[in-house]
Structures are given as structure tokens and as C-alpha cells.
$ cat input_12.cif   # mmCIF, C-alpha atoms
data_final
loop_
_atom_site.label_atom_id
_atom_site.label_comp_id
_atom_site.auth_asym_id
_atom_site.auth_seq_id
_atom_site.Cartn_x
_atom_site.Cartn_y
_atom_site.Cartn_z
CA MET A 594 -188.41 50.46 -132.83
CA LYS A 595 -189.08 50.35 -129.08
CA LEU A 596 -186.52 52.24 -127.02
CA PHE A 597 -185.89 52.74 -123.33
CA ASN A 598 -183.39 54.74 -121.30
CA LEU A 599 -180.85 52.78 -119.27
CA LEU A 600 -179.20 54.98 -116.66
CA VAL A 601 -176.40 53.39 -114.62
CA ALA A 602 -174.64 55.04 -111.66
CA TYR A 603 -172.00 53.98 -109.15
CA SER A 604 -173.08 56.18 -106.24
CA GLU A 605 -175.37 54.49 -103.72
CA SER A 606 -177.25 57.77 -103.33
CA ALA A 607 -178.12 57.90 -107.02
CA TRP A 608 -181.81 57.56 -107.92
CA SER A 609 -182.93 58.79 -104.50
CA GLY A 610 -184.74 61.77 -105.99
CA GLU A 611 -182.02 64.35 -106.57
CA PRO A 612 -181.02 65.19 -110.17
CA TYR A 613 -178.10 63.15 -111.47
CA THR A 614 -175.28 64.60 -113.60
CA TYR A 615 -173.35 62.64 -116.23
CA SER A 616 -170.18 63.62 -118.00
CA LEU A 617 -171.14 64.24 -121.63
CA SER A 618 -168.64 61.55 -122.68
CA ARG A 619 -170.70 58.97 -120.75
CA VAL A 620 -174.01 59.92 -122.37
CA PHE A 621 -175.29 57.46 -125.00
CA GLU A 622 -172.42 55.05 -124.44
CA TYR A 623 -173.29 51.48 -125.45
CA THR A 624 -175.87 52.96 -127.84
CA LYS A 625 -176.11 52.32 -131.58
CA ASP A 626 -174.92 55.38 -133.50
CA SER A 627 -178.09 55.37 -135.61
CA ILE A 628 -180.10 55.81 -132.40
CA ALA A 629 -177.78 58.15 -130.50
CA ASP A 630 -177.52 60.55 -133.44
CA GLN A 631 -181.23 61.30 -133.10
CA PHE A 632 -180.76 62.71 -129.60
CA ARG A 633 -177.28 64.25 -129.37
CA SER A 634 -178.54 67.77 -130.09
CA PHE A 635 -180.61 67.84 -126.88
CA ASP A 636 -182.97 70.25 -128.59
CA ASP A 637 -186.63 70.46 -127.56
CA VAL A 638 -187.75 67.66 -129.86
CA ALA A 639 -184.94 65.32 -128.75
CA VAL A 640 -185.55 65.99 -125.06
CA GLU A 641 -189.30 65.47 -125.47
CA LYS A 642 -188.64 62.09 -127.09
CA LEU A 643 -186.22 61.09 -124.32
CA MET A 644 -188.80 62.00 -121.67
CA SER A 645 -191.49 59.98 -123.44
CA LEU A 646 -189.45 56.76 -123.15
CA PRO A 647 -189.65 54.41 -120.16
CA SER A 648 -186.47 54.43 -118.10
CA LEU A 649 -184.55 51.86 -116.07
CA PHE A 650 -182.47 53.37 -113.26
CA ALA A 651 -179.72 50.99 -112.15
CA HIS A 652 -176.44 50.90 -110.22
CA GLU A 653 -173.12 49.46 -111.24
CA GLU A 654 -172.65 45.76 -110.59
CA GLY A 655 -170.54 46.18 -107.44
CA VAL A 656 -172.98 48.48 -105.62
CA GLY A 657 -175.51 45.75 -104.93
CA LEU A 658 -178.72 47.80 -105.17
CA ASP A 659 -181.87 46.93 -107.09
CA ALA A 660 -182.86 48.70 -110.30
CA GLN A 661 -186.01 50.80 -110.52
CA VAL A 662 -188.37 51.89 -113.28
CA GLY A 663 -189.47 55.46 -113.85
CA GLN A 664 -189.45 58.37 -116.24
CA ILE A 665 -187.07 61.18 -117.16
CA VAL A 666 -188.80 64.50 -116.55
CA GLY A 667 -186.03 66.94 -117.49
CA VAL A 668 -182.70 67.06 -119.32
CA GLN A 669 -180.25 69.96 -119.41
CA GLN A 670 -176.84 70.11 -121.08
CA ARG A 671 -174.19 72.58 -119.96
CA SER A 672 -170.68 72.48 -121.35
CA ASN A 673 -169.44 68.89 -120.89
CA GLU A 674 -172.18 67.73 -118.49
CA VAL A 675 -175.76 66.56 -118.81
CA ARG A 676 -178.12 66.82 -115.85
CA VAL A 677 -181.08 64.46 -115.63
CA LYS A 678 -184.22 64.97 -113.59
CA TYR A 679 -186.37 61.90 -113.09
CA GLU A 680 -189.20 60.31 -111.16
CA ILE A 681 -189.15 56.74 -109.92
CA ASP A 682 -192.44 54.86 -110.13
CA SER A 683 -192.92 53.52 -106.61
CA ASN A 684 -195.92 51.47 -107.76
CA LEU A 685 -193.76 49.21 -109.90
CA PRO A 686 -191.60 46.55 -108.22
CA LYS A 687 -187.84 46.93 -108.00
CA ILE A 688 -185.73 44.66 -110.18
CA SER A 689 -183.14 42.61 -108.34
CA LEU A 690 -179.60 42.15 -109.61
CA ASP A 691 -180.31 38.48 -110.31
CA GLU A 692 -183.41 39.33 -112.33
CA LEU A 693 -181.59 42.03 -114.27
CA SER A 694 -178.63 39.74 -115.02
CA ARG A 695 -181.02 37.16 -116.49
CA LEU A 696 -182.43 39.73 -118.89
CA VAL A 697 -179.30 41.41 -120.25
CA TRP A 698 -179.73 39.89 -123.71
CA GLU A 699 -183.44 40.74 -123.94
CA LEU A 700 -182.71 44.29 -122.76
CA ASP A 701 -179.79 44.78 -125.18
CA ILE A 702 -177.29 45.23 -122.30
CA GLY A 703 -173.64 44.40 -123.07
CA ASN A 704 -171.53 41.95 -121.05
CA MET A 705 -169.49 44.54 -119.15
CA GLU A 706 -171.94 47.40 -119.42
CA MET A 707 -173.19 47.24 -115.84
CA TYR A 708 -169.69 47.90 -114.56
CA ARG A 709 -169.60 51.46 -115.90
CA THR A 710 -171.54 54.62 -115.02
CA HIS A 711 -173.33 55.78 -118.18
CA TRP A 712 -176.60 56.58 -119.90
CA ALA A 713 -177.60 54.39 -122.85
CA LEU A 714 -180.55 54.12 -125.19
CA LYS A 715 -181.60 50.53 -125.71
CA ASP A 716 -183.48 49.04 -128.65
CA ALA A 717 -185.88 46.91 -126.63
CA ASP A 718 -189.42 47.07 -125.27
CA LEU A 719 -188.73 47.40 -121.54
CA PHE A 720 -192.22 46.64 -120.28
CA SER A 721 -192.79 43.68 -122.61
CA VAL A 722 -189.51 42.12 -121.46
CA LEU A 723 -190.36 42.61 -117.78
CA ILE A 724 -193.85 41.18 -118.25
CA ASP A 725 -192.61 38.15 -120.23
CA ALA A 726 -190.02 37.47 -117.50
CA GLY A 727 -192.66 37.66 -114.76
CA VAL A 728 -190.97 40.62 -113.08
CA ILE A 729 -194.15 42.67 -113.34
CA THR A 730 -197.68 41.72 -114.36
CA GLN A 731 -199.90 43.27 -116.97
CA SER A 732 -202.47 44.19 -114.33
CA VAL A 733 -199.88 46.02 -112.23
CA LEU A 734 -198.70 47.93 -115.28
CA LYS A 735 -202.25 48.93 -116.18
CA ASN A 736 -202.93 50.26 -112.71
CA VAL A 737 -199.67 52.13 -112.35
CA MET A 738 -199.78 55.87 -111.92
CA LEU A 739 -196.59 57.92 -111.71
CA SER A 740 -196.73 60.63 -109.07
CA SER A 741 -195.28 63.13 -111.49
CA THR A 742 -196.27 66.01 -113.69
CA LEU A 743 -196.18 63.90 -116.80
CA ASP A 744 -199.94 64.03 -117.22
CA ALA A 745 -202.00 67.16 -117.47
CA THR A 746 -204.95 65.28 -116.00
CA PRO A 747 -205.73 66.49 -112.45
CA GLN A 748 -205.85 64.01 -109.60
CA GLU A 749 -209.28 62.83 -108.55
CA SER A 750 -210.71 64.77 -105.67
CA VAL A 751 -212.30 63.06 -102.70
CA GLU A 752 -215.70 64.39 -103.76
CA ALA A 753 -216.54 64.20 -107.45
CA VAL A 754 -217.54 67.47 -109.06
CA PRO A 755 -220.86 67.08 -110.90
CA ILE A 756 -220.84 68.09 -114.57
CA LYS A 757 -224.05 69.98 -115.43
CA PRO A 758 -223.39 72.05 -118.54
CA SER A 759 -226.02 74.62 -119.46
CA VAL A 760 -224.72 75.14 -123.02
CA PHE A 761 -224.09 71.52 -124.09
CA ARG A 762 -226.16 68.36 -124.03
CA ILE A 763 -224.46 65.37 -122.41
CA PRO A 764 -224.31 62.45 -124.88
CA ASP A 765 -226.28 59.29 -124.17
CA THR A 766 -223.16 57.19 -124.77
CA GLY A 767 -220.32 57.14 -122.26
CA GLN A 768 -216.56 57.30 -122.65
CA GLU A 769 -215.08 55.05 -125.34
CA PRO A 770 -211.72 53.66 -124.11
CA ASP A 771 -210.17 53.38 -127.59
CA LEU A 772 -211.17 56.84 -128.84
CA VAL A 773 -208.66 59.68 -129.25
CA SER A 774 -210.00 63.04 -130.40
CA VAL A 775 -207.91 65.74 -132.06
CA MET A 776 -208.55 69.45 -131.65
CA MET A 777 -206.66 71.56 -134.19
CA PRO A 778 -207.22 74.47 -136.57
CA PHE A 779 -209.46 73.65 -139.56
CA HIS A 780 -206.89 74.41 -142.26
CA PRO A 781 -205.21 72.33 -145.00
CA ASP A 782 -201.81 73.07 -143.45
CA PHE A 783 -202.76 70.66 -140.65
CA ASP A 784 -204.04 67.79 -142.82
CA GLU A 785 -200.74 65.92 -142.79
CA VAL A 786 -200.33 66.54 -139.06
CA TYR A 787 -203.72 64.93 -138.47
CA SER A 788 -202.75 61.97 -140.69
CA THR A 789 -199.61 61.58 -138.57
CA LEU A 790 -201.67 61.44 -135.38
CA GLN A 791 -203.99 58.90 -136.97
CA LYS A 792 -201.04 56.64 -137.84
CA ALA A 793 -199.74 56.80 -134.28
CA CYS A 794 -203.15 55.78 -132.96
CA VAL A 795 -203.60 52.91 -135.40
CA LYS A 796 -200.25 51.43 -134.37
CA ILE A 797 -201.56 50.73 -130.86
CA GLY A 798 -205.16 49.89 -131.72
CA LEU A 799 -206.78 53.27 -131.03
CA ARG A 800 -209.30 55.22 -133.09
CA CYS A 801 -208.58 58.84 -133.95
CA MET A 802 -211.27 61.38 -134.88
CA ASN A 803 -211.76 65.11 -135.24
CA ALA A 804 -214.91 67.21 -135.53
CA ASN A 805 -214.73 67.28 -139.34
CA GLU A 806 -215.62 63.59 -139.38
CA ILE A 807 -218.93 63.80 -137.53
CA TRP A 808 -222.23 65.59 -138.09
CA GLU A 809 -224.76 64.50 -135.52
CA ALA A 810 -226.04 67.76 -134.03
CA ASN A 811 -227.24 70.98 -135.59
CA GLU A 812 -224.50 72.92 -133.78
CA ILE A 813 -220.88 72.09 -134.53
CA ILE A 814 -219.83 72.94 -130.97
CA GLN A 815 -222.23 70.25 -129.68
CA ASP A 816 -220.53 67.69 -131.93
CA ILE A 817 -217.16 68.85 -130.61
CA PHE A 818 -218.32 68.57 -127.00
CA SER A 819 -219.75 65.11 -127.65
CA LEU A 820 -216.51 63.95 -129.26
CA ILE A 821 -214.42 65.20 -126.33
CA TYR A 822 -216.90 63.69 -123.85
CA ARG A 823 -216.66 60.26 -125.51
CA SER A 824 -212.86 60.34 -125.83
CA LYS A 825 -210.35 58.85 -123.45
CA ILE A 826 -207.52 61.10 -124.67
CA VAL A 827 -207.63 64.50 -126.38
CA VAL A 828 -204.76 65.86 -128.49
CA CYS A 829 -204.82 69.67 -128.71
CA ASP A 830 -202.70 71.51 -131.28
CA PHE A 831 -202.08 75.05 -130.00
CA SER A 832 -200.26 76.12 -133.17
CA ASN A 833 -201.29 79.55 -134.53
CA LYS A 834 -202.93 80.46 -131.19
CA ASN A 835 -206.31 79.20 -132.36
CA PRO A 836 -208.91 80.33 -129.79
CA ASN A 837 -211.24 77.43 -130.61
CA VAL A 838 -208.55 74.91 -129.63
CA PHE A 839 -207.92 76.77 -126.36
CA TYR A 840 -211.65 76.58 -125.60
CA GLU A 841 -211.75 72.88 -126.48
CA ALA A 842 -208.74 72.17 -124.26
CA GLY A 843 -210.62 73.80 -121.40
CA ILE A 844 -213.59 71.51 -122.02
CA ALA A 845 -211.32 68.45 -122.02
CA HIS A 846 -209.62 69.48 -118.77
CA THR A 847 -212.98 70.15 -117.11
CA LEU A 848 -214.24 66.70 -118.13
CA GLY A 849 -211.08 65.12 -116.69
CA ARG A 850 -209.77 63.80 -120.00
CA SER A 851 -206.06 63.17 -120.55
CA VAL A 852 -204.85 66.03 -122.72
CA ILE A 853 -201.74 65.90 -124.93
CA PRO A 854 -200.77 69.43 -126.01
CA ILE A 855 -198.74 69.75 -129.21
CA VAL A 856 -197.48 72.93 -130.86
CA GLN A 857 -195.16 74.16 -133.61
CA ASN A 858 -194.03 77.24 -131.66
CA THR A 859 -193.83 77.42 -127.86
CA ASP A 860 -194.84 81.10 -128.01
CA HIS A 861 -198.28 79.93 -129.15
CA VAL A 862 -198.99 78.21 -125.82
CA PRO A 863 -201.25 80.47 -123.72
CA PHE A 864 -200.07 81.65 -120.32
CA ASP A 865 -202.58 79.55 -118.36
CA LEU A 866 -201.26 76.38 -120.02
CA LYS A 867 -197.51 77.04 -120.11
CA HIS A 868 -196.94 75.06 -116.90
CA TYR A 869 -198.17 71.87 -118.64
CA ARG A 870 -195.66 69.94 -120.70
CA HIS A 871 -196.28 70.14 -124.44
CA ILE A 872 -194.82 68.39 -127.47
CA LEU A 873 -192.95 70.70 -129.83
CA TYR A 874 -192.91 69.57 -133.47
CA LEU A 875 -192.01 70.78 -136.95
CA ASN A 876 -194.55 70.51 -139.75
CA ASN A 877 -192.22 68.88 -142.26
CA GLU A 878 -191.56 65.26 -143.18
CA GLN A 879 -188.91 64.62 -140.51
CA GLY A 880 -190.79 66.65 -137.93
CA ARG A 881 -193.96 64.66 -138.46
CA THR A 882 -192.01 61.40 -138.25
CA ASP A 883 -190.61 62.54 -134.90
CA LEU A 884 -194.08 63.61 -133.79
CA GLU A 885 -195.52 60.19 -134.63
CA GLU A 886 -192.91 58.46 -132.44
CA VAL A 887 -193.44 60.78 -129.48
CA ILE A 888 -197.24 60.64 -129.70
CA GLU A 889 -197.21 56.84 -129.97
CA ALA A 890 -195.06 56.58 -126.84
CA ARG A 891 -197.26 59.03 -124.94
CA LEU A 892 -200.44 57.20 -125.95
CA ARG A 893 -198.94 53.88 -124.86
CA PHE A 894 -198.11 55.35 -121.47
CA LEU A 895 -201.55 56.87 -120.94
CA THR A 896 -203.44 53.78 -122.07
CA SER A 897 -201.27 51.52 -119.90
CA ARG A 898 -202.30 53.46 -116.80
CA ASN A 899 -205.99 52.73 -117.01
#
$ encode --input "input_12.cif" --output "C-alpha cells"
Amino acid sequence: MKLFNLLVAYSESAWSGEPYTYSLSRVFEYTKDSIADQFRSFDDVAVEKLMSLPSLFAHEEGVGLDAQVGQIVGVQQRSNEVRVKYEIDSNLPKISLDELSRLVWELDIGNMEMYRTHWALKDADLFSVLIDAGVITQSVLKNVMLSSTLDATPQESVEAVPIKPSVFRIPDTGQEPDLVSVMMPFHPDFDEVYSTLQKACVKIGLRCMNANEIWEANEIIQDIFSLIYRSKIVVCDFSNKNPNVFYEAGIAHTLGRSVIPIVQNTDHVPFDLKHYRHILYLNNEQGRTDLEEVIEARLRFLTSRN
């Protein structure tokens, strides 16, 4: 199931950068109950999933303004209101009213839906629809980069910083664009979590590996460094405050890799990393199912950027 957020507002000033507040009764209108029920709690897992989805920010039919694509970066519920923080992707083209009206069926938008302020979750692949309709191109989507805090990867500096490690040996092979490495505690409790991450990777044509699966050097830390060096994306599980994973996350950040932090308890995230967004999950059947969906969406976003 491919979902996207559809956020519709009447105010002309909506989607100009300031947070937007919906009445709770307008949230998840025009959404299938089976989908909406997964998010109504607005707990950490639900909010993380909402923020991982692409979002279409539109105005009601009579306003006459183009729709824009972006990402939700924060959701907060208080009493009978829900406040949404977001970032519009200025690198993607706006979608005219005519273009949007042609795609209402493909985007799962009801006949009168664009005449009402609301937030809906739609069972459609937003980017595939826009590409098929010629609204955006695959090359534009690949080169897009949101100016947001969604990614823990630092922006490139004007002058590249040379990497000359004195402890590790730099591998002869370069970065492998389809390789995702996983840094997590070596314990049976995490075996099913790792299998979940593998399944998410396979769904979008990526390879997933951890250090247990390689033995190339005499020192295990050299194999770990080599794996991180060759990876495009590194998933780090901070659960149980494992110092090895913290160290490995530091290596990945230093090498400029895209890092996806996951954790079972937010108290396990170290102080120096608390300002980066992390994925909270439960290590049970439903929790791992939720984790697979969120990780798949995050991987799709990161791989689409480059």
C-alpha cells in the first residue's frame, strides 16, 4: 500500500511556511477507516509514519492557487485541534488546478473533496502518478533535495574534508549505491528486527548487510568500517544504549553516509544525537510491521534523492 498525505486549506496564506491547524473533526476525512485507524492515536509511531509519507499541499477549489509537494515534519494534537508543521519542496514543480483535476481518480480524490478544508490519507503512489502524468520527471525527482531536517546527512561544504583514518584501512572498492548496512547489538533479540529491515530493503531492490555476514579482515572493526564505507545508507539501532552502535554511527556521519536512527526507547538515544529525528518502534509483530513500512518509505525517499 502506497500512501500520501493530502492537505487541503481554504486560506490563501496556507502553505506559506507557518504551521497549519486543523479541527480534529477534519483530520482523516475522505480516508478509508482501515487506513485512518492506524494513525488516529497520534502516538510516536503514528506520527513518524505520517512524516515519512510524501505530502500534497493544496487549496480548496475556489481559491485558485496551485498545489505543492513537500513533507510533514511535525504533528501535535491538543484537545480538538491538530497542528501540522511542514516543508514545501521548492525544487519540485507546482501542480496547477487543471493538472490536479485531471488526476483526481489516480490520486484517490473524491468528486467534491477539493471544496472542503481537510487532511486525508490517500491510497495512491503520489510520485508515480505525477511522473506518469508528465507533471514531474524521474530525473527531477532523483535530484530533488528538501531543505529540511529530514536527513541526518550534513550538507556538503564548499571544500571537501579529506578522510585519512589512522586506525582503519580505506577499502579498494567505492560506495555501492544499492547497499544498506545495519548497525545493531549482536544479540538474538534483534534477529527479527534485522529480518524486518532486510524485507524493507528487498521491496525496493536494495541489499541489506550487517557485520555478522562478512569476514574479510582480521579485525572485526575493520570489516565494520569497510561495510559502512561501501554503504549508501546506514541504519543504526540505538536500543539498549549499545556503545558500539554509537561509535559506528559516528563513523557513518563522518563519512557522510545517510543515517537512519531507530530505537525501542527514546531514552536510549545519546544526548549528542537527540536533535536528529529517529524512528521509534516496538519489538513485537505489529511493531515490526510498522517499522518495515516506515523504513521502506524512508529508504525510498533517500534513494530518490541521489
$ resolve_selection --input "input_12.cif" --expression "the PyMOL selection byres ((chain A and resi 682) around 7)" --output "CSV table (one decimal) with C-alpha atoms, keeping the file's coordinate frame"
chain,number,residue,atom,x,y,z
A,662,VAL,CA,-188.4,51.9,-113.3
A,663,GLY,CA,-189.5,55.5,-113.8
A,680,GLU,CA,-189.2,60.3,-111.2
A,681,ILE,CA,-189.2,56.7,-109.9
A,683,SER,CA,-192.9,53.5,-106.6
A,684,ASN,CA,-195.9,51.5,-107.8
A,685,LEU,CA,-193.8,49.2,-109.9
A,739,LEU,CA,-196.6,57.9,-111.7
$ closest_residue --input "input_12.cif" --among "A:Ala651, A:Ile817, A:Ala602, A:Leu884" --to "A:Tyr787" --atoms "all atoms listed in the file"
A:Leu884
$ resolve_selection --input "input_12.cif" --expression "the PyMOL selection byres ((chain A and resi 666-677) around 6)" --output "list in words"
Pro612, Tyr613, Thr614, Tyr615, Ser616, Leu617, Met644, Ile665, Lys678 and Tyr679 of chain A
$ residues_around --input "input_12.cif" --residues "A:Asp725" --least-positions-apart "5" --cutoff "12 Å" --atoms "only C-alpha atoms" --output "list in words"
Leu696, Glu699, Leu700, Asp718, Leu719, Phe720, Thr730 and Gln731 of chain A
$ atom_distance --input "input_12.cif" --atom1 "atom CA of A:Val828" --atom2 "atom CA of A:Val852"
5.8 Å
$ atom_distance --input "input_12.cif" --atom1 "atom CA of A:Ala842" --atom2 "atom CA of A:Val827"
8.0 Å
$ residues_near_point --input "input_12.cif" --point "(-215.3, 68.6, -118.4)" --cutoff "9 Å" --atoms "all atoms listed in the file" --output "list in words"
Ile756, Pro758, Ile821, Tyr822, Gly843, Ile844, Ala845, His846, Thr847, Leu848, Gly849 and Arg850 of chain A
$ closest_residue --input "input_12.cif" --among "A:Ser606, A:Gln768, A:Ser618, A:Thr896" --to "A:His711" --atoms "only C-alpha atoms"
A:Ser618
$ atom_distance --input "input_12.cif" --atom1 "atom CA of A:Glu605" --atom2 "atom CA of A:Arg619"
18.2 Å
$ closest_residue --input "input_12.cif" --among "A:Glu889, A:Glu654, A:Asp659, A:Glu622" --to "A:Lys796" --atoms "only C-alpha atoms"
A:Glu889
$ closest_atom_pairs --input "input_12.cif" --of "stretch 637-680 of chain A" --to "stretch 863-882 of chain A" --cutoff "7 Å" --atoms "all atoms listed in the file" --output "tab-separated table"
residue	atom	partner	partner_atom	distance
A:Asp637	CA	A:Leu873	CA	6.7
A:Val638	CA	A:Leu873	CA	6.0
A:Glu641	CA	A:Ile872	CA	6.6
$ closest_residue --input "input_12.cif" --among "A:Val887, A:Val722, A:Val773, A:Val795" --to "A:Ile826" --atoms "only C-alpha atoms"
A:Val773
$ residues_near_point --input "input_12.cif" --point "(-180.3, 42.5, -113.1)" --cutoff "9 Å" --atoms "all atoms listed in the file" --output "list in words"
Ala651, Glu654, Asp659, Ala660, Ile688, Ser689, Leu690, Asp691, Glu692, Leu693, Ser694, Arg695, Leu696, Val697 and Met707 of chain A
$ resolve_selection --input "input_12.cif" --expression "the PyMOL selection byres ((chain A and resi 823) around 9)" --output "PyMOL selection string"
chain A and resi 764+766-770+772-774+818-822+824-825
$ residues_around --input "input_12.cif" --residues "A:Asn835" --least-positions-apart "4" --cutoff "10 Å" --atoms "all atoms listed in the file" --output "list of chain:residue names"
A:Met777, A:Pro778, A:Phe779, A:Asp830, A:Phe831, A:Phe839, A:Tyr840, A:His861, A:Val862
$ closest_residue --input "input_12.cif" --among "A:Phe761, A:Phe621, A:Tyr708, A:Phe783" --to "A:Tyr603" --atoms "all atoms listed in the file"
A:Tyr708
$ closest_residue --input "input_12.cif" --among "A:His652, A:Arg633, A:Lys642, A:Arg891" --to "A:Leu790" --atoms "only C-alpha atoms"
A:Arg891
